[in-house]
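Student: Supplied structure: query24.cif, mmCIF, C-alpha atoms.
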```cif
data_input
loop_
_atom_site.label_atom_id
_atom_site.label_comp_id
_atom_site.auth_asym_id
_atom_site.auth_seq_id
_atom_site.Cartn_x
_atom_site.Cartn_y
_atom_site.Cartn_z
CA MET A 1 -13.03 -2.29 -64.93
CA ASP A 2 -9.99 -0.66 -63.33
CA LYS A 3 -9.83 0.17 -59.64
CA THR A 4 -10.14 3.95 -60.08
CA ALA A 5 -13.25 3.63 -62.24
CA LYS A 6 -14.73 1.16 -59.80
CA SER A 7 -14.12 3.32 -56.76
CA LYS A 8 -15.63 6.29 -58.65
CA LEU A 9 -18.71 4.17 -59.45
CA VAL A 10 -19.01 3.04 -55.83
CA SER A 11 -18.72 6.62 -54.64
CA ASP A 12 -21.36 7.81 -57.15
CA ILE A 13 -23.75 5.04 -56.15
CA GLU A 14 -23.31 5.73 -52.44
CA SER A 15 -23.81 9.41 -52.93
CA GLN A 16 -26.99 8.83 -54.98
CA LEU A 17 -28.29 6.35 -52.41
CA ASP A 18 -27.59 8.79 -49.59
CA ASP A 19 -29.50 11.48 -51.47
CA PHE A 20 -32.40 9.16 -52.11
CA PHE A 21 -32.74 7.49 -48.72
CA GLY A 22 -31.35 10.27 -46.54
CA ASP A 23 -28.58 9.44 -44.13
CA GLY A 24 -29.57 5.78 -43.97
CA LEU A 25 -30.91 6.03 -40.48
CA GLY A 26 -34.42 6.29 -41.76
CA ASP A 27 -36.81 7.94 -39.39
CA THR A 28 -34.26 9.86 -37.38
CA SER A 29 -33.76 12.23 -40.31
CA SER A 30 -37.27 13.60 -40.02
CA PRO A 31 -37.51 17.39 -39.73
CA THR A 32 -40.44 17.18 -37.27
CA PRO A 33 -39.60 14.94 -34.33
CA SER A 34 -43.13 14.68 -32.95
CA LEU A 35 -44.43 13.48 -36.32
CA GLU A 36 -42.46 10.31 -35.67
CA LYS A 37 -44.19 9.89 -32.33
CA LEU A 38 -47.52 10.34 -34.03
CA LYS A 39 -46.48 7.83 -36.69
CA SER A 40 -45.56 5.35 -34.02
CA ALA A 41 -48.94 5.83 -32.33
CA VAL A 42 -50.80 5.45 -35.63
CA LEU A 43 -48.85 2.30 -36.54
CA SER A 44 -49.67 0.90 -33.10
CA ILE A 45 -53.35 1.37 -33.88
CA ASP A 46 -52.85 -0.47 -37.14
CA TRP A 47 -51.52 -3.36 -35.08
CA GLU A 48 -53.91 -3.25 -32.12
CA ILE A 49 -56.61 -0.77 -31.19
CA THR A 50 -56.37 0.02 -27.50
CA ASP A 51 -57.33 3.00 -25.35
CA ALA A 52 -53.65 3.66 -24.65
CA CYS A 53 -52.77 3.76 -28.38
CA LEU A 54 -55.70 6.04 -29.13
CA SER A 55 -54.83 8.36 -26.26
CA ASP A 56 -51.22 8.50 -27.50
CA MET A 57 -52.40 9.33 -30.98
CA ILE A 58 -54.72 12.08 -29.76
CA THR A 59 -52.03 13.58 -27.51
CA GLU A 60 -49.43 13.59 -30.30
CA THR A 61 -51.96 15.03 -32.73
CA GLU A 62 -52.77 17.87 -30.34
CA LEU A 63 -49.05 18.61 -29.90
CA LEU A 64 -48.69 18.85 -33.65
CA MET A 65 -51.80 20.99 -33.92
CA SER A 66 -50.19 23.67 -31.80
CA HIS A 67 -47.03 23.35 -33.93
CA PHE A 68 -48.95 23.78 -37.20
CA GLU A 69 -51.36 26.53 -36.17
CA GLU A 70 -50.00 28.77 -38.93
CA ASP A 71 -50.54 26.12 -41.60
CA PRO A 72 -54.34 25.82 -42.06
CA VAL A 73 -54.10 22.91 -44.52
CA THR A 74 -52.07 20.62 -42.24
CA HIS A 75 -54.00 21.88 -39.23
CA ALA A 76 -57.30 20.84 -40.86
CA LEU A 77 -56.06 17.28 -41.33
CA LEU A 78 -54.73 17.14 -37.79
CA ARG A 79 -58.13 18.25 -36.47
CA MET A 80 -59.73 15.55 -38.57
CA LEU A 81 -57.32 12.93 -37.18
CA ARG A 82 -58.11 14.02 -33.63
CA GLY A 83 -61.84 13.81 -34.38
CA LEU A 84 -61.47 10.31 -35.78
CA GLY A 85 -59.39 9.26 -32.77
CA ASP A 86 -62.04 10.62 -30.38
CA TYR A 87 -64.77 8.82 -32.29
CA VAL A 88 -62.99 5.42 -32.23
CA ARG A 89 -62.12 5.85 -28.56
CA LYS A 90 -65.76 6.54 -27.65
CA ARG A 91 -67.42 3.98 -29.91
CA LYS A 92 -64.74 1.27 -29.56
CA ALA A 93 -65.84 -1.95 -31.29
CA ARG A 94 -69.03 -0.25 -32.45
CA SER A 95 -67.00 2.17 -34.58
CA HIS A 96 -67.67 2.19 -38.28
CA PRO A 97 -65.35 -0.35 -39.96
CA ASP A 98 -63.96 2.35 -42.26
CA ALA A 99 -62.95 4.66 -39.40
CA ILE A 100 -59.47 3.12 -39.02
CA LYS A 101 -58.95 3.24 -42.77
CA ARG A 102 -59.64 6.97 -42.59
CA VAL A 103 -57.18 7.35 -39.69
CA MET A 104 -54.46 5.71 -41.81
CA SER A 105 -55.30 7.75 -44.87
CA VAL A 106 -55.44 11.07 -42.99
CA PHE A 107 -52.13 10.32 -41.30
CA ALA A 108 -50.48 9.35 -44.62
CA ASN A 109 -51.57 12.69 -46.06
CA ILE A 110 -50.38 14.62 -43.00
CA GLU A 111 -47.02 12.94 -43.49
CA THR A 112 -47.00 13.94 -47.16
CA LEU A 113 -47.92 17.55 -46.38
CA ILE A 114 -45.21 17.84 -43.77
CA ASN A 115 -42.43 15.98 -45.55
CA ASP A 116 -42.95 16.94 -49.17
CA THR A 117 -41.77 20.51 -49.40
CA HIS A 118 -42.16 20.52 -53.19
CA LEU A 119 -45.94 20.24 -53.12
CA GLU A 120 -47.73 23.21 -54.65
CA LYS A 121 -50.44 25.06 -52.76
CA ARG A 122 -53.09 23.70 -55.14
CA GLN A 123 -51.91 20.10 -54.61
CA ARG A 124 -51.98 20.59 -50.83
CA LYS A 125 -55.53 21.93 -51.01
CA ASN A 126 -56.58 19.01 -53.22
CA ILE A 127 -55.26 16.54 -50.66
CA VAL A 128 -57.28 18.15 -47.91
CA ALA A 129 -60.38 18.50 -50.09
CA LYS A 130 -60.33 14.76 -50.85
CA GLU A 131 -59.93 13.91 -47.19
CA ILE A 132 -62.77 16.22 -46.20
CA GLN A 133 -65.00 14.57 -48.79
CA ALA A 134 -64.13 11.09 -47.51
CA PHE A 135 -64.62 12.27 -43.92
CA LYS A 136 -68.09 13.67 -44.75
CA LYS A 137 -69.01 10.39 -46.45
CA LEU A 138 -67.96 8.45 -43.36
CA LYS A 139 -69.94 10.85 -41.18
CA GLN A 140 -73.05 10.26 -43.27
CA GLN A 141 -72.57 6.50 -43.02
CA VAL A 142 -72.16 6.79 -39.25
CA GLU A 143 -75.32 8.91 -39.02
CA SER A 144 -77.28 6.37 -41.04
CA GLN A 145 -76.16 3.60 -38.66
CA LYS A 146 -77.60 5.37 -35.61
CA PRO A 147 -80.90 3.91 -34.22
CA PRO A 148 -84.03 6.09 -34.82
CA LEU A 149 -84.93 8.58 -32.08
CA ARG A 150 -87.91 7.80 -29.82
CA GLY A 151 -91.08 9.62 -30.81
CA ALA A 152 -89.94 10.10 -34.37
CA PRO A 153 -91.32 7.09 -36.25
CA SER A 154 -92.03 9.04 -39.41
CA GLN A 155 -88.28 9.79 -39.70
CA ALA A 156 -87.48 6.10 -39.39
CA ILE A 157 -89.92 5.24 -42.14
CA SER A 158 -88.58 7.90 -44.42
CA THR A 159 -85.04 6.47 -44.17
CA GLN A 160 -86.17 3.09 -45.55
CA THR A 161 -84.86 2.40 -49.00
CA PRO A 162 -86.97 0.74 -51.73
CA ALA A 163 -84.88 -2.39 -51.20
CA ASP A 164 -85.86 -2.43 -47.50
CA VAL A 165 -89.54 -2.10 -48.41
CA ALA A 166 -89.30 -4.92 -50.99
CA ALA A 167 -87.63 -7.17 -48.42
CA LEU A 168 -90.38 -6.39 -45.93
CA LEU A 169 -93.10 -7.24 -48.46
CA GLU A 170 -91.42 -10.59 -49.13
CA HIS A 171 -91.27 -11.54 -45.47
CA HIS A 172 -93.52 -14.56 -44.65
CA LYS A 173 -94.91 -13.09 -41.40
CA PHE A 174 -95.92 -9.97 -43.24
CA LYS A 175 -97.64 -12.13 -45.85
CA GLN A 176 -99.49 -14.11 -43.15
CA ALA A 177 -100.71 -10.91 -41.52
CA MET A 178 -101.88 -9.58 -44.88
CA ASN A 179 -103.80 -12.81 -45.56
CA ALA A 180 -105.48 -12.62 -42.15
CA VAL A 181 -106.55 -9.02 -42.77
CA GLU A 182 -107.85 -9.92 -46.23
CA GLU A 183 -109.83 -12.87 -44.83
CA ARG A 184 -111.37 -10.71 -42.09
CA LEU A 185 -112.28 -7.95 -44.51
CA GLY A 186 -113.73 -10.54 -46.93
CA ALA A 187 -115.88 -12.04 -44.16
CA GLU A 188 -117.11 -8.60 -43.12
CA MET A 189 -117.92 -7.70 -46.70
CA LYS A 190 -119.87 -10.97 -47.08
CA SER A 191 -121.82 -10.24 -43.93
CA LEU A 192 -122.53 -6.66 -45.07
CA LYS A 193 -123.68 -7.92 -48.49
CA ALA A 194 -126.01 -10.43 -46.77
CA GLN A 195 -127.42 -7.62 -44.58
CA VAL A 196 -127.94 -5.40 -47.65
CA GLN A 197 -129.72 -8.24 -49.48
CA SER A 198 -131.94 -8.90 -46.43
CA LEU A 199 -132.84 -5.19 -46.14
CA GLN A 200 -133.57 -5.04 -49.90
CA LYS A 201 -135.93 -8.04 -49.50
CA GLN A 202 -137.68 -6.35 -46.52
CA LEU A 203 -138.04 -3.11 -48.52
CA ALA A 204 -139.49 -5.00 -51.50
CA ALA A 205 -141.97 -6.75 -49.18
CA LEU A 206 -143.07 -3.45 -47.67
CA ARG A 207 -143.57 -1.89 -51.14
CA SER A 208 -145.70 -4.78 -52.28
CA MET B 1 -30.96 -10.12 -65.76
CA ALA B 2 -31.20 -6.35 -65.64
CA VAL B 3 -32.96 -4.54 -68.46
CA ILE B 4 -30.59 -2.03 -70.04
CA ASN B 5 -31.87 0.51 -72.53
CA ILE B 6 -28.82 2.14 -74.07
CA ARG B 7 -30.86 4.59 -76.18
CA LYS B 8 -32.86 5.86 -73.21
CA ARG B 9 -29.83 5.43 -70.92
CA GLU B 10 -31.92 3.46 -68.45
CA VAL B 11 -31.05 0.45 -66.29
CA GLN B 12 -33.71 -1.57 -64.52
CA ILE B 13 -32.56 -3.81 -61.68
CA LYS B 14 -34.51 -6.42 -59.79
CA ILE B 15 -33.74 -7.24 -56.17
CA VAL B 16 -35.67 -9.96 -54.38
CA TYR B 17 -36.06 -10.34 -50.62
CA VAL B 18 -36.12 -14.02 -49.72
CA GLY B 19 -36.10 -16.01 -46.48
CA PRO B 20 -38.28 -18.20 -44.30
CA GLY B 21 -41.96 -17.46 -43.77
CA ARG B 22 -42.78 -14.80 -41.15
CA GLY B 23 -39.16 -13.67 -41.23
CA GLY B 24 -39.88 -10.01 -41.99
CA LYS B 25 -39.44 -9.66 -45.76
CA THR B 26 -42.68 -7.76 -46.26
CA THR B 27 -41.99 -5.65 -43.16
CA ASN B 28 -38.69 -4.60 -44.75
CA LEU B 29 -40.45 -3.46 -47.91
CA GLU B 30 -43.24 -1.74 -45.99
CA TYR B 31 -40.73 0.20 -43.93
CA LEU B 32 -38.82 1.20 -47.06
CA PHE B 33 -42.03 2.24 -48.76
CA ASN B 34 -43.09 4.36 -45.78
CA SER B 35 -39.68 6.01 -45.73
CA ILE B 36 -39.62 6.93 -49.42
CA ARG B 37 -43.29 7.20 -50.34
CA HIS B 38 -43.14 10.99 -50.44
CA ARG B 39 -40.28 10.85 -52.97
CA ILE B 40 -41.66 8.30 -55.38
CA GLN B 41 -44.58 8.30 -57.79
CA SER B 42 -45.24 4.57 -57.58
CA ASP B 43 -47.11 2.57 -55.00
CA MET B 44 -46.28 -0.67 -53.25
CA VAL B 45 -48.23 -3.65 -54.51
CA SER B 46 -48.98 -6.41 -52.02
CA ILE B 47 -51.00 -9.54 -52.60
CA LYS B 48 -51.87 -11.20 -49.32
CA THR B 49 -53.98 -14.06 -48.03
CA HIS B 50 -56.70 -13.62 -45.41
CA GLY B 51 -54.15 -14.33 -42.71
CA ASP B 52 -52.06 -11.39 -43.89
CA ARG B 53 -49.40 -13.66 -45.37
CA THR B 54 -47.77 -12.91 -48.70
CA LEU B 55 -49.55 -15.07 -51.25
CA PHE B 56 -47.85 -14.04 -54.43
CA PHE B 57 -45.39 -11.23 -53.88
CA ASP B 58 -44.84 -7.66 -52.75
CA PHE B 59 -43.53 -5.28 -55.34
CA LEU B 60 -41.99 -1.86 -54.77
CA PRO B 61 -40.71 -0.08 -57.86
CA PHE B 62 -38.93 3.28 -57.70
CA ASP B 63 -36.68 5.49 -59.73
CA LEU B 64 -33.40 5.99 -57.92
CA GLY B 65 -32.19 8.83 -60.12
CA GLN B 66 -29.08 9.05 -62.28
CA ILE B 67 -25.78 7.33 -61.68
CA GLN B 68 -23.01 8.06 -64.18
CA GLY B 69 -25.53 9.24 -66.74
CA TYR B 70 -27.86 6.26 -66.43
CA ARG B 71 -31.29 6.43 -64.87
CA ILE B 72 -31.53 3.56 -62.38
CA LYS B 73 -34.95 2.02 -62.00
CA THR B 74 -35.12 -0.31 -59.04
CA GLN B 75 -37.68 -3.01 -58.44
CA LEU B 76 -37.82 -4.63 -55.02
CA TYR B 77 -39.78 -7.85 -54.64
CA THR B 78 -40.49 -10.24 -51.83
CA VAL B 79 -41.45 -13.85 -52.29
CA PRO B 80 -43.86 -15.87 -50.13
CA GLY B 81 -41.80 -17.58 -47.46
CA GLN B 82 -44.10 -20.51 -46.87
CA VAL B 83 -42.67 -23.79 -48.15
CA LYS B 84 -45.76 -24.66 -50.21
CA TYR B 85 -45.37 -21.65 -52.49
CA ASN B 86 -42.14 -22.72 -54.20
CA ALA B 87 -43.56 -22.34 -57.72
CA THR B 88 -44.31 -18.69 -56.97
CA ARG B 89 -40.87 -18.15 -55.46
CA LYS B 90 -39.22 -19.62 -58.52
CA LEU B 91 -41.29 -17.42 -60.80
CA VAL B 92 -40.52 -14.22 -58.90
CA LEU B 93 -36.80 -15.06 -58.96
CA LYS B 94 -36.76 -15.05 -62.75
CA GLY B 95 -34.46 -12.28 -63.96
CA VAL B 96 -33.23 -11.44 -60.44
CA ASP B 97 -30.12 -9.25 -60.20
CA GLY B 98 -29.60 -9.19 -56.44
CA ILE B 99 -30.83 -10.91 -53.29
CA VAL B 100 -31.49 -9.86 -49.73
CA PHE B 101 -31.76 -12.95 -47.54
CA VAL B 102 -33.87 -12.09 -44.48
CA ALA B 103 -33.11 -14.68 -41.82
CA ASP B 104 -35.18 -15.01 -38.66
CA SER B 105 -32.96 -14.75 -35.58
CA MET B 106 -35.23 -16.81 -33.32
CA ALA B 107 -33.52 -20.00 -32.19
CA VAL B 108 -36.53 -22.09 -33.22
CA MET B 109 -36.14 -20.84 -36.79
CA ARG B 110 -32.63 -22.18 -37.30
CA GLU B 111 -33.61 -25.11 -39.50
CA LYS B 112 -36.11 -23.06 -41.47
CA ASN B 113 -33.43 -20.45 -42.25
CA ILE B 114 -31.11 -23.15 -43.58
CA ALA B 115 -33.92 -24.76 -45.58
CA ALA B 116 -34.89 -21.39 -47.08
CA LEU B 117 -31.30 -20.73 -48.17
CA GLU B 118 -31.01 -24.19 -49.70
CA ASN B 119 -34.29 -23.62 -51.52
CA LEU B 120 -32.98 -20.29 -52.82
CA ILE B 121 -29.80 -21.92 -54.13
CA GLU B 122 -31.86 -24.61 -55.82
CA ASN B 123 -34.21 -22.09 -57.43
CA LEU B 124 -31.37 -19.89 -58.65
CA THR B 125 -29.61 -22.93 -60.13
CA PHE B 126 -32.75 -23.41 -62.22
CA TYR B 127 -31.95 -20.03 -63.81
CA ASP B 128 -28.24 -20.88 -64.17
CA ILE B 129 -27.26 -18.51 -61.37
CA ASP B 130 -24.42 -19.65 -59.15
CA ILE B 131 -24.88 -17.85 -55.85
CA TYR B 132 -21.24 -18.53 -54.94
CA ASP B 133 -19.89 -16.92 -58.12
CA ARG B 134 -19.83 -13.23 -57.12
CA PHE B 135 -23.63 -13.00 -57.15
CA PRO B 136 -24.77 -9.95 -55.14
CA ILE B 137 -26.42 -11.18 -51.96
CA ILE B 138 -26.85 -9.42 -48.63
CA MET B 139 -27.68 -11.19 -45.39
CA GLN B 140 -30.04 -9.62 -42.89
CA TYR B 141 -30.40 -11.21 -39.45
CA ASN B 142 -33.78 -9.87 -38.47
CA LYS B 143 -35.72 -9.68 -35.18
CA ARG B 144 -32.67 -8.99 -33.02
CA ASP B 145 -34.94 -6.93 -30.73
CA LEU B 146 -36.72 -10.08 -29.54
CA ALA B 147 -33.85 -10.72 -27.14
CA ASP B 148 -35.27 -7.85 -25.04
CA GLU B 149 -38.46 -9.86 -24.63
CA GLY B 150 -36.60 -12.92 -23.42
CA ILE B 151 -37.06 -14.90 -26.62
CA PRO B 152 -34.06 -17.17 -27.30
CA LEU B 153 -32.14 -15.96 -30.33
CA LEU B 154 -29.41 -17.49 -32.42
CA ASP B 155 -26.12 -15.72 -31.87
CA ILE B 156 -24.56 -13.99 -34.86
CA ALA B 157 -21.64 -16.44 -35.04
CA THR B 158 -24.08 -19.34 -35.34
CA MET B 159 -26.10 -17.59 -38.03
CA GLN B 160 -22.95 -16.69 -39.91
CA GLY B 161 -21.78 -20.30 -39.64
CA ASP B 162 -25.12 -21.68 -40.81
CA LEU B 163 -25.85 -19.28 -43.61
CA ASN B 164 -22.85 -17.19 -44.57
CA ALA B 165 -19.74 -19.27 -44.03
CA LYS B 166 -19.33 -20.09 -47.71
CA LEU B 167 -21.01 -17.03 -49.16
CA ASN B 168 -19.17 -14.49 -47.03
CA ALA B 169 -21.76 -11.88 -47.96
CA PRO B 170 -22.15 -8.53 -46.20
CA PHE B 171 -24.58 -8.89 -43.29
CA PHE B 172 -26.71 -6.67 -41.09
CA GLU B 173 -28.35 -7.25 -37.74
CA ALA B 174 -31.80 -5.76 -38.01
CA CYS B 175 -35.17 -5.10 -36.49
CA ALA B 176 -37.46 -4.52 -39.45
CA VAL B 177 -40.53 -3.55 -37.39
CA ARG B 178 -38.55 -0.65 -35.91
CA GLY B 179 -36.75 0.01 -39.20
CA GLU B 180 -33.31 -0.67 -37.72
CA ASN B 181 -30.84 -1.40 -40.51
CA VAL B 182 -33.61 -1.76 -43.08
CA ILE B 183 -32.38 1.14 -45.20
CA PRO B 184 -28.67 0.23 -44.92
CA THR B 185 -29.55 -3.31 -46.06
CA ALA B 186 -31.43 -1.99 -49.09
CA LYS B 187 -28.66 0.49 -49.92
CA LYS B 188 -26.02 -2.22 -49.74
CA ALA B 189 -28.12 -4.54 -51.91
CA ILE B 190 -28.68 -1.86 -54.55
CA SER B 191 -25.04 -0.81 -54.66
CA ALA B 192 -23.76 -4.41 -54.77
CA THR B 193 -26.19 -5.17 -57.59
CA ILE B 194 -25.17 -2.17 -59.69
CA ILE B 195 -21.47 -2.93 -59.19
CA SER B 196 -22.00 -6.58 -60.11
CA LEU B 197 -23.88 -5.52 -63.21
CA GLN B 198 -21.07 -3.19 -64.21
CA ASP B 199 -18.53 -6.01 -63.66
CA HIS B 200 -20.53 -8.31 -65.92
CA LEU B 201 -20.79 -5.70 -68.65
CA ALA B 202 -17.15 -4.60 -68.48
#
```
Translate the structure described by the file into structure tokens.
Tutor:
Amino acid sequence: MDKTAKSKLVSDIESQLDDFFGDGLGDTSSPTPSLEKLKSAVLSIDWEITDACLSDMITETELLMSHFEEDPVTHALLRMLRGLGDYVRKRKARSHPDAIKRVMSVFANIETLINDTHLEKRQRKNIVAKEIQAFKKLKQQVESQKPPLRGAPSQAISTQTPADVAALLEHHKFKQAMNAVEERLGAEMKSLKAQVQSLQKQLAALRS
Amino acid sequence: MAVINIRKREVQIKIVYVGPGRGGKTTNLEYLFNSIRHRIQSDMVSIKTHGDRTLFFDFLPFDLGQIQGYRIKTQLYTVPGQVKYNATRKLVLKGVDGIVFVADSMAVMREKNIAALENLIENLTFYDIDIYDRFPIIMQYNKRDLADEGIPLLDIATMQGDLNAKLNAPFFEACAVRGENVIPTAKKAISATIISLQDHLA
């Protein structure tokens, strides 16, 4: 390979690599500077969940929300991210284990919506629709984890699944209690039968 | 060896990130993936242990686009750095076209860096690859940021002397967790690999 051909190849490769990776400085080429701050906050959460990280994430999300007010699709995901951040901050270790997964997923999609300018409107809506669906599912799971309200026992019973009921029926204490009730009822029935027989005998004696 | 499909005008190259365990190989790939995920159709595949260590490999395939009429398909791999997984390392190195050696800059890692390079040379010899015979390899001296936290680091001259004196490969000082010099390392590795491939074919 002669020198001219080689230098042309090198130049072509470098140009293609520059096109593909940007200017090689990675994150600094981002069109939205505060997205990088949000990314940093989200990655911090991936590493360690602290109040400071969550506050950073919420602050950066709110900054972006004002920036994307005109873009309802991105704005919806940002609102969702803020909601998730608020939830994790309030519930801390008691948060649903999938909450952080949702934070990561919502952020990844926000990044896609902001960076990928070639996405069609339909594709953008699909991304949001999927996230909303996943968010609703998480919300339902969170609701189902909540303890029953006082004074509403019927609601608690109605949320039991057939599997819960089967497990309850198999429990040895439940079985013991059932046996005790059966024994007591049996004894009472025996006593009632004896009383009935005695009364029948008295009646027969009176008739004769 | 690269897969070249003349009829489809496609070239597939395989670049493997190697180095001692906990050196930052996976972090390099994760950063790259996060930087290009919006441009590529593929996903990054990672197989980890419970302790978040690479058990088998990480794999990041992407289509780089056309260079001189050929579509360049790039596959980036990492290998597990832990010593006990040599069989996996050897397997992943099969058909490798280029190497990024991710060295850990911490002073306590000096011996492990040297051992990892020796292990690489040994594994490549198994595939009849002579690392000293114009094989495309890029050195990355990772974790340079740890100096700010007061952690003793190896100076660059020492690392060059330990790892790159004979190879004389291009090298980068990096901080993979912050993404510093991650993309330039990958770009250099890809370009060196394509040029080496062209040299072999010419």
Student: To box stretch 125-133 of chain B, take all atoms listed in the file, fit an axis-aligned box, add 5 Å on each side, and give centre and edge lengths in Å to one decimal, as JSON.
Tutor:
```
{"center_x": -26.3, "center_y": -20.2, "center_z": -59.6, "size_x": 22.9, "size_y": 16.5, "size_z": 19.2}
```
Student: Can you spell out as a PDB file with C-alpha atoms, in the coordinates of the input the set of residues that the PyMOL selection byres ((chain B and resi 38) around 7) selects in the structure I just provided?
Tutor:
```
ATOM      1  CA  THR A 112     -47.000  13.940 -47.160  1.00  0.00           C
ATOM      2  CA  ASP A 116     -42.950  16.940 -49.170  1.00  0.00           C
TER       3      ASP A 116
ATOM      4  CA  ILE B  36     -39.620   6.930 -49.420  1.00  0.00           C
ATOM      5  CA  ARG B  37     -43.290   7.200 -50.340  1.00  0.00           C
ATOM      6  CA  ARG B  39     -40.280  10.850 -52.970  1.00  0.00           C
ATOM      7  CA  ILE B  40     -41.660   8.300 -55.380  1.00  0.00           C
TER       8      ILE B  40
END
```
Student: Nearest to B:Val108 among B:Ile121, B:Ile15, B:Leu153, B:Ile194, with distances taken over only C-alpha atoms: which residue is it?
Tutor: B:Leu153
Student: Just say which residues the PyMOL selection byres ((chain B) within 12 of (chain A)) picks in this file, as an mmCIF file with C-alpha atoms, keeping the file's coordinate frame.
Tutor:
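Everything below was put into part-v8.cif:
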```cif
data_model
loop_
_atom_site.group_PDB
_atom_site.id
_atom_site.type_symbol
_atom_site.label_atom_id
_atom_site.label_comp_id
_atom_site.auth_asym_id
_atom_site.auth_seq_id
_atom_site.Cartn_x
_atom_site.Cartn_y
_atom_site.Cartn_z
ATOM 1 C CA GLU B 30 -43.240 -1.740 -45.990
ATOM 2 C CA TYR B 31 -40.730 0.200 -43.930
ATOM 3 C CA LEU B 32 -38.820 1.200 -47.060
ATOM 4 C CA PHE B 33 -42.030 2.240 -48.760
ATOM 5 C CA ASN B 34 -43.090 4.360 -45.780
ATOM 6 C CA SER B 35 -39.680 6.010 -45.730
ATOM 7 C CA ILE B 36 -39.620 6.930 -49.420
ATOM 8 C CA ARG B 37 -43.290 7.200 -50.340
ATOM 9 C CA HIS B 38 -43.140 10.990 -50.440
ATOM 10 C CA ARG B 39 -40.280 10.850 -52.970
ATOM 11 C CA ILE B 40 -41.660 8.300 -55.380
ATOM 12 C CA ASP B 52 -52.060 -11.390 -43.890
ATOM 13 C CA PHE B 62 -38.930 3.280 -57.700
ATOM 14 C CA ASP B 63 -36.680 5.490 -59.730
ATOM 15 C CA LEU B 64 -33.400 5.990 -57.920
ATOM 16 C CA GLY B 65 -32.190 8.830 -60.120
ATOM 17 C CA GLN B 66 -29.080 9.050 -62.280
ATOM 18 C CA ILE B 67 -25.780 7.330 -61.680
ATOM 19 C CA GLN B 68 -23.010 8.060 -64.180
ATOM 20 C CA GLY B 69 -25.530 9.240 -66.740
ATOM 21 C CA TYR B 70 -27.860 6.260 -66.430
ATOM 22 C CA ARG B 71 -31.290 6.430 -64.870
ATOM 23 C CA ILE B 72 -31.530 3.560 -62.380
ATOM 24 C CA THR B 74 -35.120 -0.310 -59.040
ATOM 25 C CA ALA B 176 -37.460 -4.520 -39.450
ATOM 26 C CA VAL B 177 -40.530 -3.550 -37.390
ATOM 27 C CA ARG B 178 -38.550 -0.650 -35.910
ATOM 28 C CA GLY B 179 -36.750 0.010 -39.200
ATOM 29 C CA GLU B 180 -33.310 -0.670 -37.720
ATOM 30 C CA ASN B 181 -30.840 -1.400 -40.510
ATOM 31 C CA VAL B 182 -33.610 -1.760 -43.080
ATOM 32 C CA ILE B 183 -32.380 1.140 -45.200
ATOM 33 C CA PRO B 184 -28.670 0.230 -44.920
ATOM 34 C CA THR B 185 -29.550 -3.310 -46.060
ATOM 35 C CA ALA B 186 -31.430 -1.990 -49.090
ATOM 36 C CA LYS B 187 -28.660 0.490 -49.920
ATOM 37 C CA LYS B 188 -26.020 -2.220 -49.740
ATOM 38 C CA ALA B 189 -28.120 -4.540 -51.910
ATOM 39 C CA ILE B 190 -28.680 -1.860 -54.550
ATOM 40 C CA SER B 191 -25.040 -0.810 -54.660
ATOM 41 C CA ALA B 192 -23.760 -4.410 -54.770
ATOM 42 C CA THR B 193 -26.190 -5.170 -57.590
ATOM 43 C CA ILE B 194 -25.170 -2.170 -59.690
ATOM 44 C CA ILE B 195 -21.470 -2.930 -59.190
ATOM 45 C CA SER B 196 -22.000 -6.580 -60.110
ATOM 46 C CA LEU B 197 -23.880 -5.520 -63.210
ATOM 47 C CA GLN B 198 -21.070 -3.190 -64.210
ATOM 48 C CA ASP B 199 -18.530 -6.010 -63.660
ATOM 49 C CA HIS B 200 -20.530 -8.310 -65.920
ATOM 50 C CA LEU B 201 -20.790 -5.700 -68.650
ATOM 51 C CA ALA B 202 -17.150 -4.600 -68.480
#
```
Student: Tell me which protein, DNA and RNA residues are within 10 Å of A:Asp46, counting all atoms listed in the file, leaving out same-chain ones fewer than 4 positions away, and put them as a ChimeraX atom specification.
Tutor: /A:40-42,53,100-101,103-104
Student: Between atom CA of B:Arg134 and atom CA of B:Arg7, measure the distance and give it in Å to one decimal.
Tutor: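 That distance, rounded to one decimal, is 28.3 Å.
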Student: I'd like to see the residues matched by the PyMOL selection byres ((chain A and resi 74) around 10) on this file, and ideally I'd get them as a tab-separated table (two decimals) with C-alpha atoms, keeping the file's coordinate frame.
Tutor:
```tsv
chain	number	residue	atom	x	y	z
A	64	LEU	CA	-48.69	18.85	-33.65
A	65	MET	CA	-51.80	20.99	-33.92
A	68	PHE	CA	-48.95	23.78	-37.20
A	69	GLU	CA	-51.36	26.53	-36.17
A	70	GLU	CA	-50.00	28.77	-38.93
A	71	ASP	CA	-50.54	26.12	-41.60
A	72	PRO	CA	-54.34	25.82	-42.06
A	73	VAL	CA	-54.10	22.91	-44.52
A	75	HIS	CA	-54.00	21.88	-39.23
A	76	ALA	CA	-57.30	20.84	-40.86
A	77	LEU	CA	-56.06	17.28	-41.33
A	78	LEU	CA	-54.73	17.14	-37.79
A	79	ARG	CA	-58.13	18.25	-36.47
A	80	MET	CA	-59.73	15.55	-38.57
A	109	ASN	CA	-51.57	12.69	-46.06
A	110	ILE	CA	-50.38	14.62	-43.00
A	111	GLU	CA	-47.02	12.94	-43.49
A	112	THR	CA	-47.00	13.94	-47.16
A	113	LEU	CA	-47.92	17.55	-46.38
A	114	ILE	CA	-45.21	17.84	-43.77
A	124	ARG	CA	-51.98	20.59	-50.83
A	125	LYS	CA	-55.53	21.93	-51.01
A	127	ILE	CA	-55.26	16.54	-50.66
A	128	VAL	CA	-57.28	18.15	-47.91
```
